[in-house]
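The data block below is query_30.txt; it holds compact mmCIF, C-alpha atoms.
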```txt
# COMPACT_ATOMS: atom_id res chain seq x y z
CA MET H 1 9.68 -7.88 23.85
CA ASP H 2 10.55 -11.52 24.54
CA LYS H 3 11.36 -13.44 21.38
CA ILE H 4 8.66 -16.05 21.84
CA PHE H 5 8.75 -17.46 18.29
CA ASN H 6 11.95 -19.43 18.92
CA ASN H 7 10.19 -21.90 21.22
CA THR H 8 10.13 -25.00 19.02
CA GLN H 9 8.71 -27.24 21.75
CA VAL H 10 5.49 -25.19 21.70
CA ALA H 11 5.60 -24.72 17.90
CA PHE H 12 5.67 -28.44 17.12
CA SER H 13 3.89 -29.83 20.17
CA LEU H 14 1.21 -31.47 17.98
CA LYS H 15 3.65 -33.05 15.53
CA SER H 16 4.84 -36.61 16.01
CA ASP H 17 8.44 -37.46 15.12
CA THR H 18 7.19 -38.95 11.84
CA GLU H 19 5.25 -35.78 10.94
CA LEU H 20 8.26 -33.67 11.84
CA ASP H 21 10.45 -35.81 9.56
CA ARG H 22 7.91 -35.40 6.73
CA ALA H 23 7.87 -31.62 7.20
CA TYR H 24 11.67 -31.55 7.07
CA PHE H 25 11.68 -33.61 3.88
CA LEU H 26 9.04 -31.38 2.25
CA PHE H 27 10.72 -28.06 3.02
CA LYS H 28 14.07 -29.50 1.94
CA MET H 29 12.48 -30.30 -1.44
CA ILE H 30 10.73 -26.91 -1.66
CA ALA H 31 14.06 -25.16 -1.00
CA ASN H 32 15.26 -26.48 -4.37
CA GLN H 33 13.79 -24.18 -7.04
CA PRO H 34 14.46 -26.38 -10.11
CA LEU H 35 12.98 -29.34 -8.23
CA VAL H 36 9.78 -27.37 -7.50
CA ARG H 37 9.44 -26.48 -11.20
CA ILE H 38 10.03 -30.08 -12.34
CA GLY H 39 7.80 -31.50 -9.60
CA THR H 40 5.00 -29.11 -10.52
CA ALA H 41 5.16 -30.06 -14.19
CA VAL H 42 5.31 -33.80 -13.46
CA THR H 43 2.42 -33.61 -10.96
CA ASN H 44 0.22 -31.65 -13.36
CA PHE H 45 0.94 -34.14 -16.13
CA ALA H 46 0.27 -37.15 -13.89
CA LEU H 47 -3.07 -35.76 -12.69
CA LYS H 48 -4.22 -34.79 -16.20
CA ALA H 49 -3.23 -38.22 -17.49
CA ASN H 50 -5.15 -39.82 -14.59
CA LEU H 51 -2.06 -41.64 -13.35
CA PRO H 52 -2.48 -43.12 -9.85
CA VAL H 53 -0.53 -40.45 -7.96
CA GLU H 54 -3.25 -39.03 -5.69
CA GLY H 55 -2.30 -41.39 -2.84
CA LEU H 56 1.30 -40.21 -2.94
CA ILE H 57 0.28 -36.53 -3.08
CA ARG H 58 -2.18 -37.09 -0.25
CA ALA H 59 0.44 -38.73 1.97
CA THR H 60 3.00 -35.96 1.46
CA VAL H 61 2.35 -32.38 0.37
CA PHE H 62 -1.47 -32.52 0.63
CA ASP H 63 -1.65 -33.70 4.23
CA HIS H 64 0.99 -31.18 5.26
CA PHE H 65 -0.75 -28.12 3.77
CA CYS H 66 -4.44 -29.21 3.76
CA GLY H 67 -7.01 -30.35 6.30
CA GLY H 68 -8.66 -32.97 4.11
CA VAL H 69 -10.67 -33.66 0.96
CA ASN H 70 -13.93 -32.41 2.47
CA GLU H 71 -15.12 -30.35 5.44
CA GLU H 72 -15.85 -33.42 7.63
CA ASP H 73 -12.31 -34.61 6.99
CA CYS H 74 -10.97 -31.39 8.54
CA LEU H 75 -12.66 -31.73 11.91
CA SER H 76 -10.03 -33.93 13.54
CA VAL H 77 -7.37 -31.36 12.54
CA VAL H 78 -9.58 -28.49 13.77
CA ASP H 79 -10.14 -30.17 17.15
CA LYS H 80 -6.48 -31.09 17.53
CA MET H 81 -5.24 -27.54 16.87
CA TYR H 82 -7.85 -26.09 19.21
CA THR H 83 -6.42 -28.11 22.13
CA LYS H 84 -3.48 -25.67 21.83
CA GLY H 85 -5.69 -22.59 21.43
CA VAL H 86 -5.24 -22.31 17.67
CA SER H 87 -8.51 -21.77 15.79
CA SER H 88 -9.24 -22.75 12.17
CA VAL H 89 -10.68 -21.07 9.09
CA LEU H 90 -12.02 -23.73 6.70
CA ASP H 91 -10.91 -22.66 3.23
CA TYR H 92 -12.47 -24.45 0.26
CA SER H 93 -9.41 -24.08 -1.96
CA VAL H 94 -10.81 -25.11 -5.33
CA GLU H 95 -9.71 -22.51 -7.88
CA GLY H 96 -10.12 -21.51 -11.51
CA LYS H 97 -13.76 -22.49 -12.01
CA GLU H 98 -15.78 -20.81 -14.77
CA GLU H 99 -19.22 -22.44 -14.89
CA GLU H 100 -22.45 -21.42 -13.17
CA ASP H 101 -22.95 -24.84 -11.56
CA GLN H 102 -19.41 -24.63 -10.15
CA PHE H 103 -20.15 -21.21 -8.63
CA ASP H 104 -23.36 -22.58 -7.13
CA ALA H 105 -21.39 -25.52 -5.70
CA ALA H 106 -18.87 -23.09 -4.14
CA LEU H 107 -21.77 -21.08 -2.72
CA LYS H 108 -23.24 -24.21 -1.19
CA MET H 109 -19.89 -25.17 0.32
CA THR H 110 -19.39 -21.66 1.75
CA LEU H 111 -22.84 -21.77 3.38
CA LYS H 112 -21.93 -25.17 4.81
CA THR H 113 -18.72 -23.80 6.35
CA ILE H 114 -20.75 -20.97 7.93
CA GLU H 115 -22.96 -23.63 9.50
CA PHE H 116 -19.84 -25.46 10.73
CA ALA H 117 -18.46 -22.24 12.20
CA LYS H 118 -21.74 -21.45 13.98
CA GLU H 119 -21.58 -24.81 15.76
CA ARG H 120 -17.90 -24.72 16.76
CA MET H 121 -15.95 -22.19 18.79
CA ALA H 122 -12.80 -23.56 17.14
CA ILE H 123 -13.93 -22.08 13.78
CA PRO H 124 -14.43 -18.33 14.30
CA PHE H 125 -14.56 -17.31 10.61
CA ALA H 126 -15.77 -18.53 7.24
CA VAL H 127 -13.95 -17.51 4.05
CA PHE H 128 -14.47 -17.30 0.30
CA LYS H 129 -12.88 -15.86 -2.82
CA PRO H 130 -14.86 -13.41 -5.01
CA THR H 131 -13.99 -15.51 -8.08
CA GLY H 132 -15.43 -18.54 -6.28
CA LEU H 133 -18.84 -16.93 -6.81
CA GLY H 134 -18.47 -15.49 -10.31
CA ARG H 135 -16.32 -15.22 -13.43
CA PHE H 136 -13.12 -13.17 -13.26
CA GLU H 137 -13.95 -11.44 -16.58
CA LEU H 138 -17.16 -10.02 -15.14
CA TYR H 139 -15.32 -8.36 -12.24
CA GLU H 140 -12.77 -7.05 -14.71
CA LYS H 141 -15.50 -5.55 -16.93
CA VAL H 142 -17.14 -3.84 -13.96
CA GLY H 143 -13.75 -2.43 -12.88
CA ASN H 144 -13.13 -1.11 -16.41
CA LYS H 145 -16.68 0.35 -16.51
CA GLU H 146 -17.44 -1.66 -19.65
CA ALA H 147 -21.05 -2.27 -20.63
CA PHE H 148 -22.52 -5.72 -20.07
CA THR H 149 -24.59 -7.65 -22.58
CA ALA H 150 -28.05 -8.64 -21.31
CA ASP H 151 -26.76 -12.17 -20.55
CA GLU H 152 -23.73 -10.81 -18.69
CA GLN H 153 -25.95 -8.48 -16.64
CA ALA H 154 -28.12 -11.43 -15.64
CA GLU H 155 -24.98 -13.40 -14.76
CA TRP H 156 -23.62 -10.46 -12.70
CA ASN H 157 -26.93 -10.20 -10.84
CA ARG H 158 -26.48 -13.84 -9.84
CA VAL H 159 -22.96 -13.05 -8.54
CA LEU H 160 -24.38 -10.20 -6.42
CA ALA H 161 -27.14 -12.49 -5.14
CA ARG H 162 -24.57 -15.13 -4.10
CA PHE H 163 -22.55 -12.52 -2.20
CA ASP H 164 -25.65 -11.26 -0.45
CA LEU H 165 -26.81 -14.74 0.51
CA VAL H 166 -23.43 -15.60 2.07
CA CYS H 167 -23.23 -12.32 4.00
CA GLN H 168 -26.86 -12.60 5.09
CA GLU H 169 -26.16 -16.08 6.49
CA GLY H 170 -23.00 -14.85 8.24
CA HIS H 171 -25.00 -12.03 9.80
CA LYS H 172 -27.90 -14.29 10.79
CA LYS H 173 -25.61 -16.91 12.34
CA ASP H 174 -23.15 -14.39 13.82
CA VAL H 175 -20.20 -15.83 11.90
CA ALA H 176 -17.55 -13.39 10.64
CA LEU H 177 -16.63 -13.68 6.93
CA LEU H 178 -13.18 -13.19 5.42
CA ILE H 179 -13.44 -12.27 1.72
CA ASP H 180 -10.10 -12.86 0.00
CA GLY H 181 -8.32 -10.35 -2.24
CA GLU H 182 -7.31 -11.14 -5.81
CA GLU H 183 -5.65 -9.44 -8.81
CA SER H 184 -5.81 -5.63 -8.91
CA TRP H 185 -7.70 -5.52 -12.21
CA MET H 186 -10.71 -7.27 -10.68
CA GLN H 187 -10.40 -5.88 -7.16
CA ASP H 188 -12.28 -2.58 -7.69
CA ALA H 189 -15.45 -4.49 -8.51
CA ALA H 190 -14.98 -6.83 -5.54
CA ASP H 191 -14.29 -3.85 -3.24
CA ALA H 192 -17.53 -2.19 -4.30
CA ILE H 193 -19.58 -5.32 -3.54
CA VAL H 194 -17.86 -5.94 -0.20
CA THR H 195 -18.38 -2.30 0.85
CA ASP H 196 -22.09 -2.70 0.11
CA MET H 197 -22.13 -5.86 2.21
CA MET H 198 -20.44 -3.96 5.08
CA ARG H 199 -23.06 -1.19 4.79
CA LYS H 200 -25.79 -3.78 5.04
CA TYR H 201 -24.44 -6.32 7.54
CA ASN H 202 -21.83 -4.47 9.66
CA LYS H 203 -24.29 -2.08 11.33
CA GLU H 204 -24.03 -3.54 14.85
CA LYS H 205 -20.64 -5.28 14.69
CA THR H 206 -18.02 -6.52 12.21
CA ILE H 207 -19.28 -9.52 10.25
CA VAL H 208 -17.88 -8.84 6.74
CA PHE H 209 -14.10 -8.47 6.24
CA ASN H 210 -12.45 -7.37 2.99
CA THR H 211 -8.75 -8.02 2.22
CA LEU H 212 -6.00 -5.44 1.75
CA GLN H 213 -2.96 -6.69 -0.18
CA LEU H 214 -0.33 -4.29 1.07
CA TYR H 215 2.28 -4.88 -1.58
CA ARG H 216 -0.04 -2.45 -3.38
CA TRP H 217 1.04 1.10 -2.55
CA ASP H 218 -2.52 2.49 -2.82
CA ARG H 219 -4.31 0.30 -0.28
CA LEU H 220 -3.73 2.29 2.91
CA ASP H 221 -5.21 5.35 1.17
CA TYR H 222 -8.16 3.18 0.12
CA LEU H 223 -8.68 2.11 3.75
CA LYS H 224 -8.58 5.72 4.96
CA GLN H 225 -11.20 6.75 2.39
CA LEU H 226 -13.41 3.80 3.34
CA HIS H 227 -13.00 4.73 7.00
CA GLU H 228 -14.42 8.20 6.27
CA VAL H 229 -17.40 6.61 4.49
CA ALA H 230 -17.97 4.25 7.44
CA LYS H 231 -17.89 7.14 9.93
CA THR H 232 -20.44 9.09 7.88
CA GLU H 233 -22.76 6.16 7.12
CA GLY H 234 -22.40 4.31 10.40
CA PHE H 235 -20.96 0.84 9.77
CA PHE H 236 -17.99 -1.20 11.01
CA ILE H 237 -15.03 -2.21 8.84
CA GLY H 238 -13.25 -5.56 8.96
CA MET H 239 -9.97 -5.99 7.10
CA LYS H 240 -7.74 -8.97 6.62
CA ILE H 241 -4.34 -7.52 5.87
CA VAL H 242 -1.71 -9.46 3.94
CA ARG H 243 1.34 -8.58 1.93
CA GLY H 244 -0.02 -10.10 -1.29
CA ALA H 245 0.03 -13.11 -3.58
CA TYR H 246 0.16 -12.01 -7.22
CA MET H 247 3.28 -9.84 -7.50
CA GLU H 248 4.84 -11.39 -10.60
CA LYS H 249 1.54 -11.41 -12.46
CA GLU H 250 0.85 -7.78 -11.47
CA ASN H 251 4.24 -6.50 -12.63
CA VAL H 252 4.14 -8.43 -15.92
CA ARG H 253 0.66 -7.13 -16.77
CA ALA H 254 1.59 -3.53 -15.91
CA THR H 255 4.63 -3.73 -18.21
CA GLU H 256 2.68 -5.38 -21.04
CA LYS H 257 -0.19 -2.88 -20.87
CA GLY H 258 1.98 0.17 -20.20
CA TYR H 259 0.57 1.41 -16.89
CA PRO H 260 2.42 2.04 -13.59
CA THR H 261 2.65 -1.10 -11.50
CA PRO H 262 0.36 -1.08 -8.44
CA ILE H 263 3.08 -2.96 -6.51
CA CYS H 264 5.45 -1.22 -4.08
CA ALA H 265 8.91 -0.64 -5.54
CA THR H 266 10.74 -2.68 -2.89
CA LYS H 267 10.15 -5.35 -0.25
CA GLU H 268 11.07 -2.73 2.37
CA ALA H 269 8.34 -0.38 1.05
CA THR H 270 5.82 -3.24 1.33
CA ASP H 271 6.89 -3.93 4.93
CA ILE H 272 6.52 -0.23 5.82
CA ASN H 273 3.10 -0.14 4.16
CA TYR H 274 2.01 -3.22 6.12
CA ASP H 275 3.21 -1.86 9.47
CA GLU H 276 1.69 1.59 8.87
CA THR H 277 -1.66 -0.03 8.05
CA VAL H 278 -1.51 -2.05 11.29
CA LYS H 279 -0.81 1.16 13.23
CA TYR H 280 -3.67 3.02 11.52
CA MET H 281 -6.10 0.23 12.29
CA LEU H 282 -5.05 -0.01 15.94
CA ASP H 283 -5.52 3.76 16.25
CA HIS H 284 -9.14 3.36 15.09
CA LEU H 285 -10.38 0.17 16.74
CA ASP H 286 -13.69 1.86 17.52
CA LEU H 287 -14.74 1.09 13.93
CA LEU H 288 -12.00 -1.19 12.55
CA SER H 289 -11.31 -4.88 13.19
CA ILE H 290 -8.09 -6.49 11.98
CA PHE H 291 -7.18 -10.00 10.85
CA ALA H 292 -3.39 -9.77 10.45
CA GLY H 293 -2.45 -12.47 7.96
CA THR H 294 1.32 -12.68 8.10
CA HIS H 295 4.23 -15.11 8.32
CA ASN H 296 6.57 -12.21 9.08
CA GLU H 297 7.94 -12.36 12.61
CA ALA H 298 8.98 -8.69 12.72
CA SER H 299 5.50 -7.48 11.73
CA THR H 300 3.89 -9.81 14.25
CA TYR H 301 6.10 -8.53 17.07
CA LYS H 302 5.30 -4.94 16.05
CA LEU H 303 1.57 -5.59 16.27
CA MET H 304 2.00 -7.27 19.67
CA GLU H 305 4.10 -4.32 20.92
CA LEU H 306 1.50 -1.82 19.70
CA MET H 307 -1.23 -3.73 21.50
CA GLN H 308 0.81 -3.71 24.72
CA SER H 309 1.68 -0.01 24.47
CA LYS H 310 -2.00 0.87 23.95
CA GLY H 311 -3.15 -1.39 26.77
CA ILE H 312 -5.12 -3.63 24.39
CA ALA H 313 -5.76 -7.11 25.77
CA ALA H 314 -4.23 -10.06 23.89
CA LYS H 315 -7.72 -11.58 23.61
CA ASP H 316 -9.39 -8.42 22.24
CA GLU H 317 -11.91 -9.84 19.76
CA ARG H 318 -11.19 -7.05 17.23
CA ILE H 319 -7.65 -8.34 16.64
CA TRP H 320 -6.75 -11.71 15.14
CA PHE H 321 -3.50 -13.13 13.83
CA GLY H 322 -3.55 -15.63 10.97
CA GLN H 323 -1.18 -18.02 9.20
CA LEU H 324 -1.59 -20.83 6.69
CA TYR H 325 -1.81 -24.42 7.84
CA GLY H 326 1.51 -26.19 7.37
CA MET H 327 3.56 -23.00 7.69
CA SER H 328 4.94 -20.78 10.48
CA ASP H 329 3.82 -23.00 13.35
CA ASN H 330 6.42 -21.23 15.47
CA ILE H 331 4.34 -18.04 15.13
CA SER H 332 0.85 -19.56 15.41
CA TYR H 333 1.33 -21.85 18.40
CA ASN H 334 3.50 -19.45 20.39
CA LEU H 335 0.95 -16.65 19.87
CA ALA H 336 -1.80 -18.95 21.15
CA GLU H 337 0.39 -20.06 24.08
CA ASN H 338 0.72 -16.38 25.01
CA GLY H 339 -3.02 -15.74 24.91
CA TYR H 340 -3.51 -14.08 21.50
CA ASN H 341 -6.34 -14.79 19.05
CA VAL H 342 -4.84 -16.85 16.25
CA ALA H 343 -6.35 -18.87 13.41
CA LYS H 344 -4.87 -21.11 10.77
CA TYR H 345 -6.30 -21.06 7.24
CA LEU H 346 -7.14 -24.74 6.72
CA PRO H 347 -7.55 -25.52 3.00
CA PHE H 348 -9.62 -28.49 1.88
CA GLY H 349 -11.05 -29.99 -1.29
CA PRO H 350 -10.50 -32.89 -3.71
CA VAL H 351 -6.78 -33.53 -4.22
CA LYS H 352 -6.92 -32.83 -7.96
CA ASP H 353 -8.83 -29.56 -7.53
CA VAL H 354 -6.61 -28.26 -4.73
CA MET H 355 -3.36 -28.77 -6.69
CA PRO H 356 -3.23 -25.16 -8.04
CA TYR H 357 -3.35 -23.97 -4.42
CA LEU H 358 -0.61 -26.42 -3.35
CA ILE H 359 1.61 -25.43 -6.27
CA ARG H 360 1.23 -21.76 -5.28
CA ARG H 361 2.27 -22.64 -1.73
CA ALA H 362 5.38 -24.45 -2.96
CA GLU H 363 6.30 -21.60 -5.31
CA GLU H 364 5.67 -19.01 -2.62
CA ASN H 365 7.93 -20.82 -0.17
CA THR H 366 10.60 -21.05 -2.85
CA SER H 367 10.42 -17.36 -3.75
CA VAL H 368 9.84 -15.66 -0.37
CA ALA H 369 13.27 -14.85 0.96
CA GLY H 370 14.09 -16.87 4.04
CA GLN H 371 10.69 -18.57 4.43
CA THR H 372 11.84 -22.12 3.67
CA SER H 373 15.20 -21.82 5.41
CA ARG H 374 13.45 -20.52 8.53
CA GLU H 375 11.03 -23.48 8.50
CA LEU H 376 13.95 -25.88 8.10
CA GLU H 377 15.96 -24.28 10.91
CA MET H 378 12.99 -24.52 13.27
CA ILE H 379 12.36 -28.18 12.40
CA LYS H 380 16.07 -29.01 12.79
CA ALA H 381 16.17 -27.29 16.17
CA GLU H 382 13.13 -29.27 17.38
CA ARG H 383 14.50 -32.60 16.13
CA LYS H 384 17.75 -31.87 17.98
CA ARG H 385 15.84 -30.87 21.13
CA ARG H 386 13.86 -34.12 21.08
CA LYS H 387 16.98 -36.25 20.64
CA GLU H 388 18.62 -34.54 23.62
CA ALA H 389 15.54 -34.59 25.83
```

As structure tokens, what does this structure read like?
Amino acid sequence: MDKIFNNTQVAFSLKSDTELDRAYFLFKMIANQPLVRIGTAVTNFALKANLPVEGLIRATVFDHFCGGVNEEDCLSVVDKMYTKGVSSVLDYSVEGKEEEDQFDAALKMTLKTIEFAKERMAIPFAVFKPTGLGRFELYEKVGNKEAFTADEQAEWNRVLARFDLVCQEGHKKDVALLIDGEESWMQDAADAIVTDMMRKYNKEKTIVFNTLQLYRWDRLDYLKQLHEVAKTEGFFIGMKIVRGAYMEKENVRATEKGYPTPICATKEATDINYDETVKYMLDHLDLLSIFAGTHNEASTYKLMELMQSKGIAAKDERIWFGQLYGMSDNISYNLAENGYNVAKYLPFGPVKDVMPYLIRRAEENTSVAGQTSRELEMIKAERKRRKEA
């Protein structure tokens, strides 16, 4: 297969020279691990102390990785990307909330993004996190089969009602929903809710998508079991598949609590798990739809090759590729240029509230082998190309 991801002219066609310079500066900083740690600490302190740093954050890291401070703010970015065939998934990236009014606010925002998606072809999905709609500890209790107090049961019923309202709206407005995955010790409870939502709203087509984090060695087996249930009960399955985002936390907790880690033993085992899951899903497209969330070029090529070998059209609506805004433009824009369905996760929210998300992005780029150096190489190649053009 042609190595299409090396085309930097396509990858950075929407970036001005100034934006390209900013991206180079940012990834150069992110490549320095001690600098990321110090920068994170200083930023957190400055925000907590209400120092006037939001403008600086907004002009640098925020604008590179986020669409804006609210959903309206994102629309110019959405429209711009869509001129190149790249769709958007508006992701309200406010994390770590614990209060009922905050969950209701997240619900309201999710419903608003569904409305946005209904009105715009450029936004094919809405997305939310299970812990955006309810407290982490409640999911954990359900997963551990612990009894609720009367108050907790009432609170859990509100979580279930929020889920149902979002999925009902997605179904009514024909907008597909990506439900993010989180830590393994809350995921069983989330899986159970999402499966119920699939039973209810995926009768005619795939509206509700769960997430498989495939650094977990048990998730392909989980998918196969769910597939059997779907065949028996007659509903479609949507899955966003990713490698995973909580590896350190998962391994530390497993060691502390003395249970086997749910994480694959090696990076290679995770890659194999990911690629085998892709193959399984493509073998069963009659019931399964896939949103392949990956920044891994090899896995992306493998999925493209499988599609070609099976005679599956690039634009088949059951197969989407996804990357995060601000990262892997060489994958996203070259996929779109070659006719594939591709969407960028476009985070938004108040600068202060989105900082935990941005810090995770910086840390992820620092820790994922080769991610930052690849971004830098691509940007350098494009700067050189422009100077010589």

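Atom to atom, atom CA of Phe348 of chain H and atom CA of Phe65 of chain H stand 9.1 Å apart.
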
Inset, instruction - Mind checking which residues fall within 12 Å of Lys352 of chain H, counting only C-alpha atoms, ignoring those fewer than 2 positions away in the same chain, and posting them as a ChimeraX atom specification? - result: /H:43-55,57-58,62,69,93-95,348-350,354-359

Inset, instruction - Name the residues in contact with Trp320 of chain H at a cut-off of 6 Å, using only C-alpha atoms, excluding same-chain residues fewer than 3 positions from it; report them as a PyMOL selection string. - result: chain H and resi 291+341-342

So that each row is one residue of segment 310-331 of chain H with an atom at most 12 Å from segment 237-241 of chain H, can you give its shortest atom pair and the distance in Å to one decimal, using all atoms listed in the file, rows by chain and rising number, as JSON lines?
```
{"residue": "H:Glu317", "atom": "CA", "partner": "H:Gly238", "partner_atom": "CA", "distance": 11.7}
{"residue": "H:Arg318", "atom": "CA", "partner": "H:Gly238", "partner_atom": "CA", "distance": 8.7}
{"residue": "H:Ile319", "atom": "CA", "partner": "H:Gly238", "partner_atom": "CA", "distance": 9.9}
{"residue": "H:Trp320", "atom": "CA", "partner": "H:Lys240", "partner_atom": "CA", "distance": 9.0}
{"residue": "H:Phe321", "atom": "CA", "partner": "H:Lys240", "partner_atom": "CA", "distance": 9.3}
{"residue": "H:Gly322", "atom": "CA", "partner": "H:Lys240", "partner_atom": "CA", "distance": 9.0}
{"residue": "H:Gln323", "atom": "CA", "partner": "H:Ile241", "partner_atom": "CA", "distance": 11.5}
```

I need the residues from that last selection saved to file as a PDB file, in the coordinates of the input (with C-alpha atoms), if you can.
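Listing of result.pdb after writing:
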```pdb
ATOM      1  CA  GLU H 317     -11.910  -9.840  19.760  1.00  0.00           C
ATOM      2  CA  ARG H 318     -11.190  -7.050  17.230  1.00  0.00           C
ATOM      3  CA  ILE H 319      -7.650  -8.340  16.640  1.00  0.00           C
ATOM      4  CA  TRP H 320      -6.750 -11.710  15.140  1.00  0.00           C
ATOM      5  CA  PHE H 321      -3.500 -13.130  13.830  1.00  0.00           C
ATOM      6  CA  GLY H 322      -3.550 -15.630  10.970  1.00  0.00           C
ATOM      7  CA  GLN H 323      -1.180 -18.020   9.200  1.00  0.00           C
TER       8      GLN H 323
END
```

Legend entry - Nearest candidate to Val78 of chain H (options H:Tyr139, H:Phe148, H:Tyr345, H:Phe236; using all atoms listed in the file): H:Tyr345

Inset, instruction - Can you work out which one of H:Val127, H:Ala298, H:Ala292, H:Leu285 has the shortest atom-to-atom distance to Leu212 of chain H, counting all atoms listed in the file? - result: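 Under the stated criterion, the closest residue is H:Ala292.
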
Which residues of segment 231-318 of chain H come within 10 Å of segment 185-192 of chain H, and what is each one's closest atom pair and distance in Å (one decimal), counting all atoms listed in the file, sorted by chain and residue number, as a tab-separated table?
```
residue	atom	partner	partner_atom	distance
H:Glu250	CA	H:Trp185	CA	8.9
H:Arg253	CA	H:Trp185	CA	9.7
H:Pro262	CA	H:Trp185	CA	9.9
```

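Picture a line from atom CA of Asn7 of chain H to atom CA of Met378 of chain H; it runs 8.8 Å.
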
Inset, instruction - Just give me the residues with any atom within 8 Å of (2.2, -14.8, 6.5), file coordinates, counting all atoms listed in the file, written as a count of residues only. - result: 10

Please complete segment 318-333 of chain H so it has N, CA and C atoms, and hand it over as a CSV table (one decimal), in the coordinates of the input.
```csv
chain,number,residue,atom,x,y,z
H,318,ARG,N,-11.3,-7.8,18.5
H,318,ARG,CA,-11.2,-7.0,17.2
H,318,ARG,C,-9.9,-7.3,16.6
H,319,ILE,N,-9.0,-8.1,17.2
H,319,ILE,CA,-7.6,-8.3,16.6
H,319,ILE,C,-7.4,-9.8,16.6
H,320,TRP,N,-7.1,-10.3,15.4
H,320,TRP,CA,-6.8,-11.7,15.1
H,320,TRP,C,-5.5,-11.8,14.3
H,321,PHE,N,-4.7,-12.8,14.6
H,321,PHE,CA,-3.5,-13.1,13.8
H,321,PHE,C,-3.8,-14.4,13.0
H,322,GLY,N,-3.3,-14.5,11.8
H,322,GLY,CA,-3.6,-15.6,11.0
H,322,GLY,C,-2.4,-16.1,10.2
H,323,GLN,N,-2.2,-17.4,10.1
H,323,GLN,CA,-1.2,-18.0,9.2
H,323,GLN,C,-1.8,-19.2,8.4
H,324,LEU,N,-1.1,-19.7,7.5
H,324,LEU,CA,-1.6,-20.8,6.7
H,324,LEU,C,-1.2,-22.1,7.4
H,325,TYR,N,-2.1,-23.1,7.3
H,325,TYR,CA,-1.8,-24.4,7.8
H,325,TYR,C,-0.6,-25.0,7.1
H,326,GLY,N,0.3,-25.6,7.9
H,326,GLY,CA,1.5,-26.2,7.4
H,326,GLY,C,2.7,-25.2,7.3
H,327,MET,N,2.5,-24.0,7.7
H,327,MET,CA,3.6,-23.0,7.7
H,327,MET,C,3.6,-22.2,9.0
H,328,SER,N,4.8,-21.7,9.4
H,328,SER,CA,4.9,-20.8,10.5
H,328,SER,C,4.3,-21.2,11.8
H,329,ASP,N,4.4,-22.5,12.1
H,329,ASP,CA,3.8,-23.0,13.4
H,329,ASP,C,4.5,-22.3,14.5
H,330,ASN,N,5.7,-21.9,14.4
H,330,ASN,CA,6.4,-21.2,15.5
H,330,ASN,C,5.7,-19.9,15.8
H,331,ILE,N,5.1,-19.3,14.9
H,331,ILE,CA,4.3,-18.0,15.1
H,331,ILE,C,3.0,-18.4,15.7
H,332,SER,N,2.2,-19.3,15.0
H,332,SER,CA,0.8,-19.6,15.4
H,332,SER,C,0.7,-20.1,16.8
H,333,TYR,N,1.5,-21.2,17.1
H,333,TYR,CA,1.3,-21.8,18.4
H,333,TYR,C,1.9,-21.0,19.6
```
